[in-house]
Amino acid sequence: MGTMKNHNPRQTQHALFAEIETHRSYMLRFATAKLRDAVEAEEIVQEALLAALGSVESFSGQSTLRTWLTSILKFKIIDFQRRVISERAHFAQAPEDDDDADPAWFDKMFDETGHWQPRLSAWANPDDALEQQQFFAVFERCMDKLPGATSRVFFKREVIGQDTDEICKEEDISASNCWVMLHRARLALRECLDRNWFQGAKS
Amino acid sequence: VNSENAKLSCKEAARLMSNRQDRALSDAETEELKNHLLNCLSCRNFSDQLSFLRNLAKSYGHGSPPPEDAPA
């Protein structure tokens with residue numbers, strides 16, 4: 001993916017720089033999920049990108065470019081967290097969703113007997129969508145619409161692949177709270193992808 | 001949770017399908033869900049879409065699809 005079959009080294013480097021830049025928004029989401037603070041996340045991503053640009057020779061092409069960039073970013077985040085922990089106390093954020101009551105949008109997906117409304121139809125050729133950048137842009141927009149904590153928990157669980165115990169600790173929430181948030185995130189994302197991609201003509 | 005004999009609604013089935021991606025379901029939950037899925041096309045579609053969503057998030061984390069070649 002990040003391997004450029006180009007024989008002019010300057011051009012190769014230029015192309016790699018441009019390609020690295022295309023991963024910025026992913027890295028920002030990763031950092032925001034981990035740090036909660038958008039401004040801090042932006043700074044760390046900037047640091048990580050600079051570090052990456054300064055060491056492009058060490059990118060072997062054995063992992064994807066995104067995986068390589070993410071490993072640099074992880075180091076930067078850990079480094080930052082160490083600095084911050086010694087500087088200030090940790091304040092837990094109040095959960096933004098009341099986890100007992102389902103939000104109104106959630107209830108609207110089901111009728112009073114608990115059946116889907118409307119019925120869910122199958123998606124046509126979903127795997128084709130995985131080949132299209134536009135589809136991933138829709139996915140990002142859908143994730144952006146989730147409430148902050150829900151979005152972080154989903155990102156950690158499904159994009160990063162952390163287990164729920166670890167997420168609970170980081171977010172300072174109970175396991176059942178975590179499951180509720182993940183379920184809401186999946187329902188909302190399913191609906192969003194359905195509406196913005198799979199139903200009728202894609203935008 | 002549900003009383004023993006009541007059948008699972010789609011809403012409850014959906015929650016279990018989501019939960020099984022994060023925790024092990026009890027035998028009773030597994031059984032109830034299995035029975036519900038036998039008779040419910042919407043929920044079978046939901047199940048497929050949940051798996052797809054998981055793959056999607058994973059590919060996203062790995063940087064798929066590869067960006068189009070940036071102009072040099």
# chains A, B, ... in the order shown; residues from 1 in each chain; ligands from 1
$ interface_residues --of "chain A" --to "chain B" --cutoff "7 Å" --atoms "only C-alpha atoms" --output "PDB file with N, CA and C atoms, in the first residue's frame"
ATOM      1  N   MET A   1       0.825  -1.173   0.000  1.00  0.00           N
ATOM      2  CA  MET A   1       0.000   0.000   0.000  1.00  0.00           C
ATOM      3  C   MET A   1       0.871   1.239   0.000  1.00  0.00           C
ATOM      4  N   GLN A  11      10.998  11.970  -6.135  1.00  0.00           N
ATOM      5  CA  GLN A  11       9.573  11.863  -6.444  1.00  0.00           C
ATOM      6  C   GLN A  11       8.895  10.863  -5.518  1.00  0.00           C
ATOM      7  N   HIS A  14       8.346  12.457  -2.218  1.00  0.00           N
ATOM      8  CA  HIS A  14       7.265  13.423  -2.328  1.00  0.00           C
ATOM      9  C   HIS A  14       5.901  12.721  -2.272  1.00  0.00           C
ATOM     10  N   ALA A  15       5.815  11.643  -3.013  1.00  0.00           N
ATOM     11  CA  ALA A  15       4.548  10.901  -3.055  1.00  0.00           C
ATOM     12  C   ALA A  15       4.231  10.295  -1.695  1.00  0.00           C
ATOM     13  N   ALA A  18       2.895  12.916   0.586  1.00  0.00           N
ATOM     14  CA  ALA A  18       1.497  13.213   0.262  1.00  0.00           C
ATOM     15  C   ALA A  18       0.592  12.106   0.791  1.00  0.00           C
ATOM     16  N   GLU A  19       1.076  10.871   0.693  1.00  0.00           N
ATOM     17  CA  GLU A  19       0.259   9.758   1.160  1.00  0.00           C
ATOM     18  C   GLU A  19       0.125   9.775   2.682  1.00  0.00           C
ATOM     19  N   THR A  64       1.147  -1.830   6.732  1.00  0.00           N
ATOM     20  CA  THR A  64       0.573  -0.753   5.940  1.00  0.00           C
ATOM     21  C   THR A  64       1.105   0.567   6.485  1.00  0.00           C
ATOM     22  N   ARG A  66      -0.611   3.046   7.312  1.00  0.00           N
ATOM     23  CA  ARG A  66      -1.424   3.462   8.467  1.00  0.00           C
ATOM     24  C   ARG A  66      -0.971   2.787   9.747  1.00  0.00           C
ATOM     25  N   THR A  67      -0.644   1.501   9.664  1.00  0.00           N
ATOM     26  CA  THR A  67      -0.180   0.792  10.855  1.00  0.00           C
ATOM     27  C   THR A  67       1.126   1.381  11.369  1.00  0.00           C
ATOM     28  N   PHE A 110     -37.702   0.827  16.739  1.00  0.00           N
ATOM     29  CA  PHE A 110     -38.552  -0.327  17.035  1.00  0.00           C
ATOM     30  C   PHE A 110     -39.981   0.142  17.312  1.00  0.00           C
ATOM     31  N   GLY A 114     -41.605  -4.004  19.955  1.00  0.00           N
ATOM     32  CA  GLY A 114     -40.184  -4.328  19.885  1.00  0.00           C
ATOM     33  C   GLY A 114     -39.728  -4.880  18.537  1.00  0.00           C
ATOM     34  N   HIS A 115     -40.574  -4.730  17.503  1.00  0.00           N
ATOM     35  CA  HIS A 115     -40.147  -5.136  16.161  1.00  0.00           C
ATOM     36  C   HIS A 115     -39.462  -3.985  15.448  1.00  0.00           C
ATOM     37  N   TRP A 116     -38.579  -4.335  14.534  1.00  0.00           N
ATOM     38  CA  TRP A 116     -37.897  -3.301  13.742  1.00  0.00           C
ATOM     39  C   TRP A 116     -38.938  -2.493  12.964  1.00  0.00           C
ATOM     40  N   ARG A 119     -38.712  -2.663   8.639  1.00  0.00           N
ATOM     41  CA  ARG A 119     -37.923  -3.904   8.586  1.00  0.00           C
ATOM     42  C   ARG A 119     -36.536  -3.622   8.014  1.00  0.00           C
ATOM     43  N   LEU A 120     -35.570  -4.438   8.386  1.00  0.00           N
ATOM     44  CA  LEU A 120     -34.226  -4.258   7.838  1.00  0.00           C
ATOM     45  C   LEU A 120     -34.065  -5.114   6.586  1.00  0.00           C
ATOM     46  N   SER A 121     -33.682  -4.475   5.490  1.00  0.00           N
ATOM     47  CA  SER A 121     -33.373  -5.306   4.321  1.00  0.00           C
ATOM     48  C   SER A 121     -31.871  -5.520   4.232  1.00  0.00           C
ATOM     49  N   ALA A 122     -31.505  -6.548   3.509  1.00  0.00           N
ATOM     50  CA  ALA A 122     -30.091  -6.896   3.371  1.00  0.00           C
ATOM     51  C   ALA A 122     -29.387  -5.832   2.530  1.00  0.00           C
ATOM     52  N   LEU A 130     -16.191  -1.793   0.629  1.00  0.00           N
ATOM     53  CA  LEU A 130     -14.902  -1.771   1.329  1.00  0.00           C
ATOM     54  C   LEU A 130     -13.738  -1.407   0.407  1.00  0.00           C
ATOM     55  N   GLU A 131     -14.007  -1.389  -0.891  1.00  0.00           N
ATOM     56  CA  GLU A 131     -12.958  -1.009  -1.847  1.00  0.00           C
ATOM     57  C   GLU A 131     -13.022   0.465  -2.200  1.00  0.00           C
ATOM     58  N   GLN A 132     -14.002   1.167  -1.657  1.00  0.00           N
ATOM     59  CA  GLN A 132     -14.211   2.549  -2.097  1.00  0.00           C
ATOM     60  C   GLN A 132     -13.910   3.573  -1.010  1.00  0.00           C
ATOM     61  N   GLN A 133     -13.054   4.507  -1.356  1.00  0.00           N
ATOM     62  CA  GLN A 133     -12.698   5.552  -0.391  1.00  0.00           C
ATOM     63  C   GLN A 133     -13.888   6.372   0.046  1.00  0.00           C
ATOM     64  N   GLU A 158     -13.756  -1.266  18.266  1.00  0.00           N
ATOM     65  CA  GLU A 158     -13.839  -1.851  16.924  1.00  0.00           C
ATOM     66  C   GLU A 158     -12.706  -1.413  15.986  1.00  0.00           C
ATOM     67  N   VAL A 159     -12.246  -0.206  16.123  1.00  0.00           N
ATOM     68  CA  VAL A 159     -11.176   0.227  15.213  1.00  0.00           C
ATOM     69  C   VAL A 159      -9.826  -0.186  15.779  1.00  0.00           C
ATOM     70  N   ILE A 160      -9.599   0.109  17.059  1.00  0.00           N
ATOM     71  CA  ILE A 160      -8.313  -0.260  17.663  1.00  0.00           C
ATOM     72  C   ILE A 160      -8.328  -1.727  18.085  1.00  0.00           C
ATOM     73  N   THR A 164     -13.052  -4.973  26.219  1.00  0.00           N
ATOM     74  CA  THR A 164     -13.929  -4.063  26.961  1.00  0.00           C
ATOM     75  C   THR A 164     -13.395  -3.756  28.363  1.00  0.00           C
ATOM     76  N   TRP A 179     -21.177  -1.910  27.326  1.00  0.00           N
ATOM     77  CA  TRP A 179     -21.938  -2.706  26.353  1.00  0.00           C
ATOM     78  C   TRP A 179     -23.100  -1.913  25.785  1.00  0.00           C
ATOM     79  N   HIS A 183     -23.562  -0.939  21.881  1.00  0.00           N
ATOM     80  CA  HIS A 183     -24.775  -1.322  21.169  1.00  0.00           C
ATOM     81  C   HIS A 183     -25.415  -0.107  20.504  1.00  0.00           C
TER      82      HIS A 183
END
$ select_by_dssp --residues "region 3-202 of chain A" --states "alpha helix (DSSP H)" --output "PyMOL selection string"
chain A and resi 9-21+24-35+38-54+65-87+104-107+126-129+133-144+148-154+164-171+175-193
$ residues_around --residues "region 30-41 of chain A" --least-positions-apart "5" --cutoff "8 Å" --atoms "only C-alpha atoms" --output "list in words"
Leu73, Ile77, Ser151, Arg152, Val153, Phe155 and Lys156 of chain A
